[in-house]
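J.: Can you keep this structure in mind? I'll have questions shortly.
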Amino acid sequence: MNAAPAVEAIDLVKHFGETRAVDGVSFVVPEGSVLGLLGPNGAGKTSLVRMLTTLSVPTSGTGRVAGFDILRQPTEVRRSLGLTGQAATVDEILTGRENLKLIGSLYGLPRTFVREATERLFARFDLTDAADRMAKTYSGGMRRRLDLAVSLLAAPPILFLDEPTTGLDPQSRSGLWAVLRELVSEGTTLVLTTQYLEEADHLADEIVVVDKGRVIAAGTPTQLKDQAGRASVVVTLTHAADLDRAAELMNSCCQEVHVERGSRRLTAQAGGLGDMTRIAAVFETSGIELDDLGLARPSLDDVFLHLTGHRAEDASDLTNEGVTP
Ligand SMILES: Nc1ncnc2c1ncn2[C@@H]1O[C@H](COP(=O)(O)OP(=O)(O)OP(=O)(O)O)[C@@H](O)[C@H]1O
Ligand SMILES: [Mg+2]
């Protein structure tokens, strides 16, 4: 793509004491395209977004948004972007409509413009019926959509979305994806963070994978998935006692065999269904009892395993940290 860069991260660094939240990240997002920042909990995604949207000052490095320097021209930068943060920012005791009115007056937007834009956005986000209800009565998906409507009120050419669909059910998620694709088709540049490879896959033109504050891979979804390995065969044993023998069998016929003892699972790289049939045959003759045998498409976990040689850390104890109120 030859479009002018809408967003540039230039060797961005953010340290919190000993924590290197962002440790030298650079990327370019061409105008009218979608960048997916993909990474597990604590990867540094929010820290990156906060620096690029001028909410936090980099330890070093800089960035440009719509051609404006985030350090020297923060006002111009803010005028060019909309941001939907990770935690909902809507005012709970205001109605949907009042939330937009409030933001409109904070931005100093003309009242008739705000009224018209509100109707348009609510129609688009399927919120018209709920417009006069207090936001605290909204479902998670509705709040997310209201959040997005708020960010879009001033029609920013560049939109930052921090985990826009985390916590949404699959239906609300695909509804939101459709809206985002529509925005992009109208020329909006999107930078979105996500923990879901599938989401990045659906929406992003380019994906930057971050882990521990660093870029560990970048490319189109297809390039990344090819790098991250093809599908894998997943075998779940009935008896943990068979794990070693099963591992030996799989090693004799497959590549990249991994054993997960706790779940009695073995995975191996697979080219397709043929490999699965072959493995099924091997187990059939071995007498090892299986609970399950299947093909799995590459997940974010697999991307990590491939890129770093280790599974993304189990972040379950981090998940609740400061994310949900
Ligand atoms: N204000 C802060 N003070 C101290 N440490 C922080 C602060 N903000 C973030 N961190 C740390 O920086 C690292 C990166 O955090 P960040 O929130 O950017 O990650 P993330 O990729 O957005 O994670 P998540 O997917 O959970 O939202 C983490 O180790 C986090 O604990
Ligand atoms: Mg975050």
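Scheme for the structure tokens: letters A, B, ... for chains in order shown; per-chain residue numbers from 1; ligand numbers from 1 in order shown.
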At a cut-off of 9 Å and counting only C-alpha atoms and all ligand atoms, what residues surround ligand 2? Please answer as a ChimeraX atom specification.
T.: /A:40-47,49,85-86,162-163,193-194,323
J.: Generate a file of the selected residues that holds C-alpha atoms, formatted as a JSON list (two decimals), in the first residue's frame.
T.:
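In the end it all went to again-v4.json:
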```
[["chain", "number", "residue", "atom", "x", "y", "z"],
["A", 40, "PRO", "CA", -1.77, -11.80, 25.64],
["A", 41, "ASN", "CA", -2.53, -10.08, 28.95],
["A", 42, "GLY", "CA", 0.24, -7.73, 29.94],
["A", 43, "ALA", "CA", 1.85, -7.68, 26.48],
["A", 44, "GLY", "CA", 1.85, -3.88, 26.42],
["A", 45, "LYS", "CA", -1.11, -3.27, 24.09],
["A", 46, "THR", "CA", -2.92, -0.72, 26.27],
["A", 47, "SER", "CA", 0.35, 1.03, 27.08],
["A", 49, "VAL", "CA", -2.46, 2.76, 22.66],
["A", 85, "GLY", "CA", -10.72, 2.24, 25.87],
["A", 86, "GLN", "CA", -10.59, -1.19, 27.42],
["A", 162, "ASP", "CA", -8.63, -1.31, 22.92],
["A", 163, "GLU", "CA", -10.03, -4.85, 22.99],
["A", 193, "THR", "CA", -5.88, -4.40, 20.15],
["A", 194, "THR", "CA", -7.06, -7.90, 20.72],
["A", 323, "VAL", "CA", -9.98, -4.86, 33.75]]
```
J.: May I have all residues of region 155-249 of chain A that DSSP, computed from the backbone, assigns to strand (DSSP E or B), given as a PyMOL selection string?
T.: chain A and resi 158-162+189-194+206-211+214-219+232-237
J.: For the selection just defined, write its residues with N, CA and C atoms to a file, as a short mmCIF file (atom, residue, chain, number, x, y, z; two decimals), in the first residue's frame.
T.:
```
data_model
loop_
_atom_site.label_atom_id
_atom_site.label_comp_id
_atom_site.auth_asym_id
_atom_site.auth_seq_id
_atom_site.Cartn_x
_atom_site.Cartn_y
_atom_site.Cartn_z
N ILE A 158 -9.25 8.60 12.42
CA ILE A 158 -8.45 7.50 12.95
C ILE A 158 -9.07 7.04 14.27
N LEU A 159 -9.27 5.74 14.37
CA LEU A 159 -9.94 5.21 15.54
C LEU A 159 -9.06 4.17 16.23
N PHE A 160 -8.88 4.35 17.54
CA PHE A 160 -8.16 3.36 18.35
C PHE A 160 -9.17 2.60 19.19
N LEU A 161 -9.13 1.29 19.13
CA LEU A 161 -10.05 0.47 19.90
C LEU A 161 -9.25 -0.52 20.73
N ASP A 162 -9.39 -0.41 22.04
CA ASP A 162 -8.63 -1.31 22.92
C ASP A 162 -9.52 -2.48 23.33
N THR A 189 -9.28 4.81 9.46
CA THR A 189 -8.13 4.00 9.81
C THR A 189 -8.37 3.44 11.20
N LEU A 190 -8.11 2.14 11.37
CA LEU A 190 -8.38 1.49 12.65
C LEU A 190 -7.10 0.92 13.24
N VAL A 191 -6.90 1.18 14.53
CA VAL A 191 -5.87 0.45 15.27
C VAL A 191 -6.60 -0.25 16.39
N LEU A 192 -6.61 -1.57 16.37
CA LEU A 192 -7.33 -2.25 17.43
C LEU A 192 -6.43 -3.26 18.13
N THR A 193 -6.63 -3.39 19.41
CA THR A 193 -5.88 -4.40 20.15
C THR A 193 -6.81 -5.57 20.40
N THR A 194 -6.24 -6.74 20.46
CA THR A 194 -7.06 -7.90 20.72
C THR A 194 -6.20 -9.05 21.25
N GLU A 206 -3.03 -5.78 8.60
CA GLU A 206 -1.71 -6.14 9.11
C GLU A 206 -1.85 -6.45 10.59
N ILE A 207 -1.08 -7.43 11.04
CA ILE A 207 -1.10 -7.77 12.46
C ILE A 207 0.31 -7.58 13.01
N VAL A 208 0.39 -6.94 14.17
CA VAL A 208 1.65 -6.87 14.90
C VAL A 208 1.45 -7.66 16.19
N VAL A 209 2.25 -8.69 16.35
CA VAL A 209 2.12 -9.51 17.56
C VAL A 209 3.11 -9.00 18.60
N VAL A 210 2.59 -8.63 19.77
CA VAL A 210 3.47 -8.15 20.84
C VAL A 210 3.45 -9.13 22.01
N ASP A 211 4.59 -9.27 22.63
CA ASP A 211 4.72 -10.10 23.81
C ASP A 211 5.78 -9.45 24.68
N ARG A 214 7.51 -6.29 23.33
CA ARG A 214 8.25 -6.30 22.07
C ARG A 214 7.43 -6.89 20.93
N VAL A 215 7.78 -6.47 19.72
CA VAL A 215 7.14 -7.06 18.55
C VAL A 215 7.81 -8.39 18.27
N ILE A 216 7.02 -9.46 18.29
CA ILE A 216 7.64 -10.76 17.99
C ILE A 216 7.28 -11.27 16.60
N ALA A 217 6.33 -10.63 15.96
CA ALA A 217 6.03 -10.97 14.58
C ALA A 217 5.14 -9.89 13.99
N ALA A 218 5.18 -9.75 12.68
CA ALA A 218 4.31 -8.80 12.00
C ALA A 218 4.07 -9.28 10.60
N GLY A 219 2.88 -9.01 10.11
CA GLY A 219 2.57 -9.40 8.74
C GLY A 219 1.08 -9.44 8.52
N SER A 232 -3.17 -28.28 13.69
CA SER A 232 -2.53 -29.35 14.45
C SER A 232 -3.55 -30.41 14.81
N VAL A 233 -3.00 -31.62 14.99
CA VAL A 233 -3.85 -32.72 15.43
C VAL A 233 -3.81 -32.72 16.96
N VAL A 234 -4.97 -32.84 17.57
CA VAL A 234 -5.02 -32.88 19.03
C VAL A 234 -5.60 -34.22 19.46
N VAL A 235 -4.83 -34.93 20.27
CA VAL A 235 -5.25 -36.25 20.75
C VAL A 235 -5.45 -36.17 22.25
N THR A 236 -6.61 -36.54 22.74
CA THR A 236 -6.82 -36.59 24.19
C THR A 236 -6.95 -38.04 24.63
N LEU A 237 -6.10 -38.44 25.56
CA LEU A 237 -6.08 -39.83 26.02
C LEU A 237 -7.10 -40.05 27.13
#
```
J.: Going by DSSP on the backbone, which bits of region 113-258 of chain A are helix (DSSP H, G or I)? Write them as a VMD selection string, please.
T.: chain A and resid 113 to 124 128 to 130 135 to 137 140 to 152 170 to 185 197 to 203 221 to 227 240 to 253
J.: When you draw a straight line from CA of Gly187 (chain A) to CA of Thr166 (chain A), how long is it in Å?
T.: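 According to the coordinates, CA of Gly187 (chain A) and CA of Thr166 (chain A) are separated by 24.5 Å.
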J.: Rounded to one decimal in Å, what is the spacing between CA of Ile70 (chain A) and CA of Leu83 (chain A)?
T.: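 So the answer is 14.7 Å.
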J.: Of the candidates A:Ser33, A:Thr89, A:Ser26, A:Thr277, which one gets nearest to Leu203 (chain A) if we count only C-alpha atoms?
T.: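 Looking only at the distances to Leu203 (chain A), the closest residue turns out to be A:Ser33.
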J.: Find, counting only C-alpha atoms and all ligand atoms, the residue in A:Glu18, A:Glu199, A:Asp205, A:Glu98 that gets nearest to ligand 1.
T.: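 Among A:Glu18, A:Glu199, A:Asp205, A:Glu98, it is A:Glu18 that comes nearest to ligand 1.
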